[in-house]
>>> print(open('start_7.tsv').read())   # TSV, C-alpha atoms
chain	number	residue	atom	x	y	z
A	13	MET	CA	-1.41	-6.46	12.11
A	14	SER	CA	-1.61	-2.64	12.24
A	15	GLU	CA	-1.00	-2.12	15.95
A	16	ASN	CA	2.35	-0.41	16.59
A	17	ARG	CA	3.34	-0.73	12.92
A	18	ARG	CA	4.90	2.45	11.53
A	19	VAL	CA	4.63	3.35	7.83
A	20	LEU	CA	6.78	5.95	6.10
A	21	VAL	CA	4.79	7.67	3.33
A	22	VAL	CA	6.95	9.31	0.65
A	23	ASP	CA	5.24	11.43	-2.01
A	24	ASP	CA	5.87	14.96	-3.20
A	25	GLU	CA	2.15	15.59	-3.82
A	26	ALA	CA	0.76	16.88	-0.53
A	27	ASN	CA	-2.84	15.86	-1.26
A	28	ILE	CA	-1.87	12.24	-1.96
A	29	ARG	CA	0.49	12.14	1.00
A	30	ASP	CA	-2.17	13.51	3.36
A	31	LEU	CA	-4.87	11.16	2.02
A	32	ILE	CA	-2.68	8.10	2.56
A	33	GLU	CA	-1.62	9.26	6.02
A	34	VAL	CA	-5.22	9.79	7.17
A	35	ALA	CA	-6.26	6.37	5.85
A	36	LEU	CA	-3.35	4.59	7.50
A	37	ARG	CA	-4.03	6.27	10.84
A	38	PHE	CA	-7.72	5.37	10.56
A	39	HIS	CA	-6.69	1.72	10.19
A	40	GLY	CA	-4.43	1.86	13.22
A	41	PHE	CA	-1.01	2.47	11.72
A	42	ALA	CA	1.46	5.07	12.97
A	43	THR	CA	2.81	7.25	10.16
A	44	VAL	CA	5.80	9.35	9.18
A	45	THR	CA	5.86	11.40	5.97
A	46	ALA	CA	8.46	12.77	3.59
A	47	ALA	CA	8.16	14.86	0.42
A	48	SER	CA	11.53	14.06	-1.19
A	49	GLY	CA	14.04	11.27	-1.58
A	50	GLU	CA	16.64	12.81	0.72
A	51	ARG	CA	14.06	13.37	3.46
A	52	ALA	CA	12.86	9.80	3.01
A	53	LEU	CA	16.36	8.45	3.62
A	54	ARG	CA	16.71	10.56	6.77
A	55	ALA	CA	13.27	9.49	8.02
A	56	ALA	CA	14.05	5.82	7.37
A	57	ALA	CA	17.25	6.11	9.40
A	58	ASP	CA	15.71	8.12	12.24
A	59	GLU	CA	12.25	6.53	12.55
A	60	ARG	CA	12.99	2.90	11.58
A	61	PRO	CA	9.58	2.30	9.92
A	62	ASP	CA	8.11	-1.16	9.44
A	63	LEU	CA	7.23	-0.37	5.81
A	64	VAL	CA	7.81	2.40	3.25
A	65	LEU	CA	5.24	3.58	0.70
A	66	LEU	CA	7.56	5.13	-1.87
A	67	ASP	CA	6.55	7.24	-4.85
A	68	VAL	CA	8.78	6.60	-7.86
A	69	MET	CA	8.67	10.16	-9.24
A	70	LEU	CA	10.25	12.48	-6.67
A	71	PRO	CA	11.81	15.93	-7.17
A	72	ASP	CA	15.36	14.99	-6.19
A	73	LEU	CA	16.20	11.30	-5.89
A	74	ASP	CA	13.65	9.07	-7.57
A	75	GLY	CA	12.09	6.22	-5.64
A	76	PHE	CA	14.31	3.63	-7.30
A	77	GLU	CA	17.44	5.44	-6.12
A	78	VAL	CA	16.02	5.77	-2.60
A	79	CYS	CA	15.39	2.02	-2.47
A	80	ARG	CA	18.85	1.33	-3.91
A	81	ARG	CA	20.48	3.42	-1.18
A	82	LEU	CA	18.41	1.80	1.56
A	83	ARG	CA	19.45	-1.66	0.45
A	84	ALA	CA	23.08	-0.65	-0.05
A	85	GLY	CA	23.10	0.60	3.54
A	86	GLY	CA	21.75	-2.72	4.81
A	87	ASP	CA	18.19	-1.50	5.48
A	88	GLN	CA	15.79	-4.29	4.45
A	89	VAL	CA	12.56	-2.45	5.37
A	90	PRO	CA	9.72	-3.59	3.07
A	91	VAL	CA	9.06	-1.12	0.24
A	92	ILE	CA	5.89	-0.68	-1.81
A	93	PHE	CA	6.42	1.55	-4.85
A	94	LEU	CA	3.71	4.00	-5.88
A	95	THR	CA	3.92	4.66	-9.59
A	96	ALA	CA	1.93	6.30	-12.35
A	97	ARG	CA	3.78	4.18	-14.93
A	98	ASP	CA	2.54	0.60	-15.06
A	99	THR	CA	5.15	-0.77	-17.44
A	100	PRO	CA	6.88	-4.16	-17.19
A	101	SER	CA	10.34	-2.55	-17.21
A	102	ASP	CA	9.48	-0.25	-14.28
A	103	THR	CA	8.00	-3.14	-12.33
A	104	VAL	CA	11.05	-5.34	-12.83
A	105	THR	CA	13.40	-2.45	-12.03
A	106	GLY	CA	11.67	-1.69	-8.76
A	107	LEU	CA	11.45	-5.29	-7.60
A	108	THR	CA	14.98	-6.23	-8.56
A	109	LEU	CA	16.24	-3.23	-6.58
A	110	GLY	CA	14.67	-4.78	-3.51
A	111	GLY	CA	11.09	-3.52	-3.61
A	112	ASP	CA	8.39	-5.83	-2.29
A	113	ASP	CA	5.34	-4.68	-4.26
A	114	TYR	CA	4.04	-1.86	-6.43
A	115	VAL	CA	0.74	-0.01	-6.66
A	116	THR	CA	-0.28	1.92	-9.75
A	117	LYS	CA	-1.81	5.39	-9.51
A	118	PRO	CA	-4.66	6.12	-9.33
A	119	PHE	CA	-5.46	3.55	-6.65
A	120	SER	CA	-8.24	2.95	-4.16
A	121	ILE	CA	-7.35	3.51	-0.52
A	122	GLU	CA	-8.92	0.14	0.40
A	123	ALA	CA	-6.69	-1.67	-2.10
A	124	LEU	CA	-3.61	0.18	-0.85
A	125	ILE	CA	-4.31	-0.72	2.79
A	126	ALA	CA	-4.81	-4.35	1.75
A	127	ARG	CA	-1.42	-4.36	-0.02
A	128	VAL	CA	0.26	-2.82	3.03
A	129	ARG	CA	-1.15	-5.54	5.28
A	130	ALA	CA	-0.26	-8.27	2.78
A	131	VAL	CA	3.37	-7.15	2.52
A	132	LEU	CA	3.70	-6.86	6.30
A	133	ARG	CA	2.35	-10.40	6.69
A	134	ARG	CA	4.58	-11.75	3.95
A	135	THR	CA	7.73	-10.12	5.29
A	136	ALA	CA	7.14	-10.97	8.95
A	137	PRO	CA	9.85	-13.18	10.45
A	138	PRO	CA	8.95	-16.87	10.00
A	139	ALA	CA	8.07	-19.00	13.00
A	140	GLY	CA	11.28	-21.02	12.74
A	141	GLY	CA	12.49	-24.38	11.56
A	142	VAL	CA	15.36	-25.60	9.43
A	143	LEU	CA	14.91	-26.73	5.83
A	144	ARG	CA	17.49	-29.01	4.20
A	145	VAL	CA	17.92	-30.20	0.63
A	146	ALA	CA	21.20	-31.98	-0.17
A	147	ASP	CA	23.97	-29.73	1.21
A	148	LEU	CA	21.70	-26.66	1.31
A	149	GLU	CA	20.38	-25.55	4.71
A	150	LEU	CA	17.96	-22.70	5.40
A	151	ASP	CA	17.17	-21.64	8.98
A	152	GLU	CA	13.86	-19.76	8.96
A	153	GLY	CA	14.21	-18.61	12.55
A	154	GLN	CA	17.71	-17.17	12.15
A	155	TRP	CA	17.24	-16.04	8.52
A	156	THR	CA	20.45	-17.78	7.47
A	157	VAL	CA	21.35	-19.93	4.48
A	158	ARG	CA	24.36	-22.23	4.15
A	159	ARG	CA	25.52	-24.43	1.35
A	160	GLY	CA	28.23	-26.96	2.14
A	161	GLY	CA	28.79	-25.08	5.38
A	162	VAL	CA	29.39	-21.77	3.57
A	163	GLU	CA	27.03	-18.95	4.53
A	164	VAL	CA	25.14	-17.38	1.62
A	165	GLU	CA	23.83	-13.82	1.91
A	166	LEU	CA	20.36	-13.37	0.44
A	167	SER	CA	17.97	-10.46	0.21
A	168	PRO	CA	14.59	-10.94	1.96
A	169	THR	CA	12.86	-11.72	-1.34
A	170	GLU	CA	15.57	-14.18	-2.37
A	171	PHE	CA	15.27	-15.82	1.05
A	172	ARG	CA	11.47	-16.19	0.78
A	173	LEU	CA	11.73	-17.58	-2.75
A	174	LEU	CA	14.37	-20.13	-1.76
A	175	ALA	CA	12.38	-21.14	1.35
A	176	HIS	CA	9.28	-21.75	-0.78
A	177	LEU	CA	11.26	-23.84	-3.28
A	178	MET	CA	12.79	-25.86	-0.45
A	179	ARG	CA	9.44	-26.43	1.28
A	180	ASN	CA	8.21	-27.83	-2.04
A	181	ALA	CA	11.43	-29.64	-2.99
A	182	GLY	CA	11.02	-31.91	-5.99
A	183	MET	CA	7.83	-30.21	-7.18
A	184	VAL	CA	7.70	-28.15	-10.35
A	185	LEU	CA	6.24	-24.75	-9.45
A	186	SER	CA	4.92	-22.47	-12.17
A	187	ARG	CA	5.87	-18.82	-12.40
A	188	ALA	CA	2.27	-17.91	-11.55
A	189	GLN	CA	2.39	-20.09	-8.43
A	190	LEU	CA	5.63	-18.47	-7.32
A	191	LEU	CA	4.30	-14.96	-7.95
A	192	GLU	CA	1.27	-15.72	-5.78
A	193	SER	CA	3.13	-17.53	-2.99
A	194	VAL	CA	6.25	-15.35	-2.70
A	195	TRP	CA	5.06	-11.93	-3.92
A	196	GLY	CA	1.37	-12.28	-3.05
A	197	TRP	CA	0.20	-11.49	-6.59
A	198	ASP	CA	-2.56	-13.32	-8.43
A	199	HIS	CA	-1.14	-11.83	-11.62
A	200	GLY	CA	2.07	-10.09	-12.56
A	201	ASN	CA	5.14	-10.06	-14.74
A	202	PRO	CA	6.78	-13.55	-14.84
A	203	GLN	CA	10.10	-11.87	-15.64
A	204	VAL	CA	10.31	-10.95	-11.95
A	205	VAL	CA	10.45	-14.66	-11.06
A	206	GLU	CA	13.04	-15.36	-13.75
A	207	THR	CA	15.20	-12.52	-12.48
A	208	TYR	CA	15.16	-13.75	-8.88
A	209	ILE	CA	15.79	-17.36	-9.92
A	210	SER	CA	18.90	-16.14	-11.73
A	211	TYR	CA	20.00	-14.28	-8.59
A	212	LEU	CA	19.68	-17.47	-6.52
A	213	ARG	CA	21.58	-19.52	-9.09
A	214	ARG	CA	24.34	-16.94	-9.20
A	215	LYS	CA	24.81	-17.28	-5.43
A	216	LEU	CA	24.24	-21.02	-4.97
A	217	ASP	CA	25.67	-22.69	-8.08
A	218	PRO	CA	29.34	-21.74	-7.47
A	219	LEU	CA	29.16	-23.73	-4.21
A	220	GLY	CA	28.05	-27.05	-5.70
A	221	THR	CA	25.94	-28.90	-8.23
A	222	PRO	CA	23.02	-26.78	-9.49
A	223	LEU	CA	19.88	-27.40	-7.43
A	224	ILE	CA	17.30	-25.18	-9.17
A	225	HIS	CA	16.10	-26.80	-12.38
A	226	THR	CA	14.00	-25.28	-15.17
A	227	GLN	CA	11.08	-27.25	-16.58
A	228	ARG	CA	10.78	-25.51	-19.92
A	229	GLY	CA	7.38	-23.97	-20.45
A	230	VAL	CA	6.23	-24.89	-16.93
A	231	GLY	CA	8.37	-23.46	-14.12
A	232	TYR	CA	11.10	-24.38	-11.64
A	233	ALA	CA	11.92	-27.16	-9.18
A	234	LEU	CA	14.56	-27.43	-6.48
A	235	ARG	CA	16.05	-30.91	-6.20
A	236	PRO	CA	19.50	-32.54	-5.93
>>> encode(input="start_7.tsv", output="structure tokens")
Amino acid sequence: MSENRRVLVVDDEANIRDLIEVALRFHGFATVTAASGERALRAAADERPDLVLLDVMLPDLDGFEVCRRLRAGGDQVPVIFLTARDTPSDTVTGLTLGGDDYVTKPFSIEALIARVRAVLRRTAPPAGGVLRVADLELDEGQWTVRRGGVEVELSPTEFRLLAHLMRNAGMVLSRAQLLESVWGWDHGNPQVVETYISYLRRKLDPLGTPLIHTQRGVGYALRP
């Protein structure tokens, strides 16, 4: 998992940045570092990392703005936010901007490395196969989604969530199950799931009959 994988470490605190870099290199990762948001954007463009560890509180652009600009430019590199503020609003903000996970300071290096590996596994391209439910088609190998023949553009997290719903079509999946299967969390803010379900509905429902159904008090199911 770590061989040839490059991680961009973004933190304005040199001691934290150096500690993370040493630990990543010890575990076999290549590293690039940046101490500001602007430098992070340049490093992401020049070095094409496989993952970004991104501090939220930076001296120029904050981590949320860096992630927003990466996604606006079409860069879907996985992002793990590093934050000293473990509040539900910050978590939802970071994830809805396109972040893949968050780690709260202070953290253990072992836990951080485990999260890096988990996100890299979760965001790796799927083996392939085409999933179909009604007029909805998802190609895991090509990372494409079509409904009624119309291509639907999804973010990586939206794609993974839809794929999981389609693989379990007809089953009611709880928010906790979705958090664990799609985000890799055994606990977390269920509002993240609700937000991403609304994103999928906003993109899929205009093209046909709604397919994602809410089982009140339980979770969600995808079915015709």
>>> residues_around(input="start_7.tsv", residues="range 200-208 of chain A", least_positions_apart="6", cutoff="12 Å", atoms="only C-alpha atoms", output="ChimeraX atom specification")
/A:98-115,166-174,185-194,214-215,224-226,229-232
>>> write_last_selection(input="start_7.tsv", atoms="C-alpha atoms", output="CSV table (one decimal), keeping the file's coordinate frame")
chain,number,residue,atom,x,y,z
A,98,ASP,CA,2.5,0.6,-15.1
A,99,THR,CA,5.2,-0.8,-17.4
A,100,PRO,CA,6.9,-4.2,-17.2
A,101,SER,CA,10.3,-2.6,-17.2
A,102,ASP,CA,9.5,-0.2,-14.3
A,103,THR,CA,8.0,-3.1,-12.3
A,104,VAL,CA,11.0,-5.3,-12.8
A,105,THR,CA,13.4,-2.4,-12.0
A,106,GLY,CA,11.7,-1.7,-8.8
A,107,LEU,CA,11.4,-5.3,-7.6
A,108,THR,CA,15.0,-6.2,-8.6
A,109,LEU,CA,16.2,-3.2,-6.6
A,110,GLY,CA,14.7,-4.8,-3.5
A,111,GLY,CA,11.1,-3.5,-3.6
A,112,ASP,CA,8.4,-5.8,-2.3
A,113,ASP,CA,5.3,-4.7,-4.3
A,114,TYR,CA,4.0,-1.9,-6.4
A,115,VAL,CA,0.7,0.0,-6.7
A,166,LEU,CA,20.4,-13.4,0.4
A,167,SER,CA,18.0,-10.5,0.2
A,168,PRO,CA,14.6,-10.9,2.0
A,169,THR,CA,12.9,-11.7,-1.3
A,170,GLU,CA,15.6,-14.2,-2.4
A,171,PHE,CA,15.3,-15.8,1.0
A,172,ARG,CA,11.5,-16.2,0.8
A,173,LEU,CA,11.7,-17.6,-2.8
A,174,LEU,CA,14.4,-20.1,-1.8
A,185,LEU,CA,6.2,-24.8,-9.4
A,186,SER,CA,4.9,-22.5,-12.2
A,187,ARG,CA,5.9,-18.8,-12.4
A,188,ALA,CA,2.3,-17.9,-11.6
A,189,GLN,CA,2.4,-20.1,-8.4
A,190,LEU,CA,5.6,-18.5,-7.3
A,191,LEU,CA,4.3,-15.0,-8.0
A,192,GLU,CA,1.3,-15.7,-5.8
A,193,SER,CA,3.1,-17.5,-3.0
A,194,VAL,CA,6.2,-15.4,-2.7
A,214,ARG,CA,24.3,-16.9,-9.2
A,215,LYS,CA,24.8,-17.3,-5.4
A,224,ILE,CA,17.3,-25.2,-9.2
A,225,HIS,CA,16.1,-26.8,-12.4
A,226,THR,CA,14.0,-25.3,-15.2
A,229,GLY,CA,7.4,-24.0,-20.4
A,230,VAL,CA,6.2,-24.9,-16.9
A,231,GLY,CA,8.4,-23.5,-14.1
A,232,TYR,CA,11.1,-24.4,-11.6
>>> atom_distance(input="start_7.tsv", atom1="CA of Gly140 in chain A", atom2="CA of Thr156 in chain A")
11.1 Å
>>> closest_residue(input="start_7.tsv", among="A:Ala123, A:Arg158, A:Arg235, A:Gly220", to="Ala181 in chain A", atoms="only C-alpha atoms")
A:Arg235
>>> residues_near_point(input="start_7.tsv", point="(1.8, 12.7, -0.8)", cutoff="12 Å", atoms="only C-alpha atoms", output="JSON, numbers by chain")
{"A": [20, 21, 22, 23, 24, 25, 26, 27, 28, 29, 30, 31, 32, 33, 34, 44, 45, 46, 47, 48, 65, 66, 67, 68, 69, 70, 94, 117]}
>>> write_last_selection(input="start_7.tsv", atoms="C-alpha atoms", output="mmCIF file, in the frame of the given file")
data_model
loop_
_atom_site.group_PDB
_atom_site.id
_atom_site.type_symbol
_atom_site.label_atom_id
_atom_site.label_comp_id
_atom_site.auth_asym_id
_atom_site.auth_seq_id
_atom_site.Cartn_x
_atom_site.Cartn_y
_atom_site.Cartn_z
ATOM 1 C CA LEU A 20 6.780 5.950 6.100
ATOM 2 C CA VAL A 21 4.790 7.670 3.330
ATOM 3 C CA VAL A 22 6.950 9.310 0.650
ATOM 4 C CA ASP A 23 5.240 11.430 -2.010
ATOM 5 C CA ASP A 24 5.870 14.960 -3.200
ATOM 6 C CA GLU A 25 2.150 15.590 -3.820
ATOM 7 C CA ALA A 26 0.760 16.880 -0.530
ATOM 8 C CA ASN A 27 -2.840 15.860 -1.260
ATOM 9 C CA ILE A 28 -1.870 12.240 -1.960
ATOM 10 C CA ARG A 29 0.490 12.140 1.000
ATOM 11 C CA ASP A 30 -2.170 13.510 3.360
ATOM 12 C CA LEU A 31 -4.870 11.160 2.020
ATOM 13 C CA ILE A 32 -2.680 8.100 2.560
ATOM 14 C CA GLU A 33 -1.620 9.260 6.020
ATOM 15 C CA VAL A 34 -5.220 9.790 7.170
ATOM 16 C CA VAL A 44 5.800 9.350 9.180
ATOM 17 C CA THR A 45 5.860 11.400 5.970
ATOM 18 C CA ALA A 46 8.460 12.770 3.590
ATOM 19 C CA ALA A 47 8.160 14.860 0.420
ATOM 20 C CA SER A 48 11.530 14.060 -1.190
ATOM 21 C CA LEU A 65 5.240 3.580 0.700
ATOM 22 C CA LEU A 66 7.560 5.130 -1.870
ATOM 23 C CA ASP A 67 6.550 7.240 -4.850
ATOM 24 C CA VAL A 68 8.780 6.600 -7.860
ATOM 25 C CA MET A 69 8.670 10.160 -9.240
ATOM 26 C CA LEU A 70 10.250 12.480 -6.670
ATOM 27 C CA LEU A 94 3.710 4.000 -5.880
ATOM 28 C CA LYS A 117 -1.810 5.390 -9.510
#
>>> residues_around(input="start_7.tsv", residues="Leu36 in chain A", least_positions_apart="3", cutoff="10 Å", atoms="only C-alpha atoms", output="PyMOL selection string")
chain A and resi 14+18-19+21+30-33+39-43+121+124-125+128
>>> atom_distance(input="start_7.tsv", atom1="CA of Gly196 in chain A", atom2="CA of Ala130 in chain A")
7.3 Å
>>> atom_distance(input="start_7.tsv", atom1="CA of Ala233 in chain A", atom2="CA of Tyr211 in chain A")
15.2 Å
>>> decode(input="start_7.tsv", residues="range 52-82 of chain A", atoms="N, CA, C and O atoms", output="CSV table (one decimal), in the first residue's frame")
chain,number,residue,atom,x,y,z
A,52,ALA,N,0.8,24.7,-1.0
A,52,ALA,CA,0.1,23.4,-1.1
A,52,ALA,C,-0.5,23.3,-2.5
A,52,ALA,O,-0.4,22.2,-3.1
A,53,LEU,N,-1.1,24.3,-3.0
A,53,LEU,CA,-1.7,24.3,-4.3
A,53,LEU,C,-0.7,24.1,-5.4
A,53,LEU,O,-0.8,23.3,-6.3
A,54,ARG,N,0.5,24.8,-5.3
A,54,ARG,CA,1.5,24.6,-6.2
A,54,ARG,C,2.1,23.2,-6.2
A,54,ARG,O,2.4,22.6,-7.2
A,55,ALA,N,2.3,22.7,-4.9
A,55,ALA,CA,2.9,21.3,-4.8
A,55,ALA,C,1.9,20.3,-5.3
A,55,ALA,O,2.4,19.3,-5.9
A,56,ALA,N,0.6,20.5,-5.1
A,56,ALA,CA,-0.3,19.5,-5.6
A,56,ALA,C,-0.3,19.5,-7.2
A,56,ALA,O,-0.4,18.4,-7.8
A,57,ALA,N,-0.1,20.6,-7.8
A,57,ALA,CA,-0.1,20.7,-9.2
A,57,ALA,C,1.2,20.1,-9.8
A,57,ALA,O,1.2,19.4,-10.8
A,58,ASP,N,2.3,20.4,-9.1
A,58,ASP,CA,3.6,20.0,-9.6
A,58,ASP,C,4.0,18.5,-9.3
A,58,ASP,O,4.6,17.8,-10.1
A,59,GLU,N,3.6,18.1,-8.1
A,59,GLU,CA,4.1,16.8,-7.6
A,59,GLU,C,3.0,15.7,-7.8
A,59,GLU,O,3.4,14.5,-7.7
A,60,ARG,N,1.8,16.0,-8.0
A,60,ARG,CA,0.7,15.1,-8.2
A,60,ARG,C,0.7,14.0,-7.1
A,60,ARG,O,0.8,12.8,-7.4
A,61,PRO,N,0.5,14.4,-5.9
A,61,PRO,CA,0.5,13.4,-4.8
A,61,PRO,C,-0.7,12.4,-4.9
A,61,PRO,O,-1.7,12.7,-5.5
A,62,ASP,N,-0.5,11.3,-4.2
A,62,ASP,CA,-1.6,10.3,-4.1
A,62,ASP,C,-2.6,10.7,-3.0
A,62,ASP,O,-3.7,10.1,-2.9
A,63,LEU,N,-2.2,11.5,-2.0
A,63,LEU,CA,-3.0,11.9,-0.9
A,63,LEU,C,-2.4,13.2,-0.3
A,63,LEU,O,-1.2,13.4,-0.4
A,64,VAL,N,-3.3,14.0,0.3
A,64,VAL,CA,-2.9,15.2,0.9
A,64,VAL,C,-3.3,15.2,2.4
A,64,VAL,O,-4.5,15.0,2.7
A,65,LEU,N,-2.4,15.4,3.3
A,65,LEU,CA,-2.7,15.7,4.7
A,65,LEU,C,-2.7,17.2,4.9
A,65,LEU,O,-1.7,17.8,4.7
A,66,LEU,N,-3.9,17.7,5.1
A,66,LEU,CA,-4.1,19.2,5.0
A,66,LEU,C,-4.6,19.8,6.3
A,66,LEU,O,-5.7,19.6,6.7
A,67,ASP,N,-3.7,20.6,6.9
A,67,ASP,CA,-4.1,21.3,8.1
A,67,ASP,C,-5.2,22.4,7.8
A,67,ASP,O,-5.1,23.0,6.7
A,68,VAL,N,-6.2,22.5,8.6
A,68,VAL,CA,-7.3,23.5,8.4
A,68,VAL,C,-6.8,24.9,8.6
A,68,VAL,O,-7.1,25.8,7.8
A,69,MET,N,-6.1,25.1,9.7
A,69,MET,CA,-5.7,26.5,10.1
A,69,MET,C,-4.3,26.8,9.5
A,69,MET,O,-3.3,26.3,10.0
A,70,LEU,N,-4.3,27.5,8.4
A,70,LEU,CA,-3.1,27.9,7.7
A,70,LEU,C,-3.0,29.4,7.6
A,70,LEU,O,-4.0,30.1,7.7
A,71,PRO,N,-1.8,30.0,7.5
A,71,PRO,CA,-1.6,31.4,7.6
A,71,PRO,C,-2.2,32.2,6.4
A,71,PRO,O,-2.4,33.4,6.6
A,72,ASP,N,-2.4,31.6,5.3
A,72,ASP,CA,-3.0,32.4,4.2
A,72,ASP,C,-4.3,31.8,3.8
A,72,ASP,O,-5.4,32.3,4.3
A,73,LEU,N,-4.4,30.9,2.9
A,73,LEU,CA,-5.6,30.2,2.6
A,73,LEU,C,-5.8,29.1,3.7
A,73,LEU,O,-4.9,28.3,4.0
A,74,ASP,N,-7.1,29.0,4.2
A,74,ASP,CA,-7.3,27.9,5.1
A,74,ASP,C,-7.4,26.6,4.4
A,74,ASP,O,-7.6,26.5,3.1
A,75,GLY,N,-7.4,25.4,5.1
A,75,GLY,CA,-7.4,24.2,4.4
A,75,GLY,C,-8.7,23.9,3.6
A,75,GLY,O,-8.7,23.3,2.6
A,76,PHE,N,-9.8,24.5,4.1
A,76,PHE,CA,-11.1,24.3,3.4
A,76,PHE,C,-11.0,25.0,2.0
A,76,PHE,O,-11.4,24.5,1.0
A,77,GLU,N,-10.4,26.2,2.0
A,77,GLU,CA,-10.3,26.9,0.7
A,77,GLU,C,-9.3,26.2,-0.2
A,77,GLU,O,-9.5,26.1,-1.4
A,78,VAL,N,-8.2,25.6,0.3
A,78,VAL,CA,-7.3,24.8,-0.5
A,78,VAL,C,-8.0,23.6,-1.1
A,78,VAL,O,-7.9,23.4,-2.4
A,79,CYS,N,-8.8,22.9,-0.4
A,79,CYS,CA,-9.6,21.8,-0.9
A,79,CYS,C,-10.6,22.2,-1.9
A,79,CYS,O,-10.7,21.6,-3.0
A,80,ARG,N,-11.3,23.4,-1.6
A,80,ARG,CA,-12.2,23.9,-2.6
A,80,ARG,C,-11.6,24.2,-3.9
A,80,ARG,O,-12.1,23.9,-5.0
A,81,ARG,N,-10.4,24.8,-3.9
A,81,ARG,CA,-9.7,25.1,-5.2
A,81,ARG,C,-9.2,23.9,-5.9
A,81,ARG,O,-9.2,23.8,-7.1
A,82,LEU,N,-8.8,22.9,-5.1
A,82,LEU,CA,-8.3,21.7,-5.8
A,82,LEU,C,-9.5,21.0,-6.5
A,82,LEU,O,-9.4,20.6,-7.7
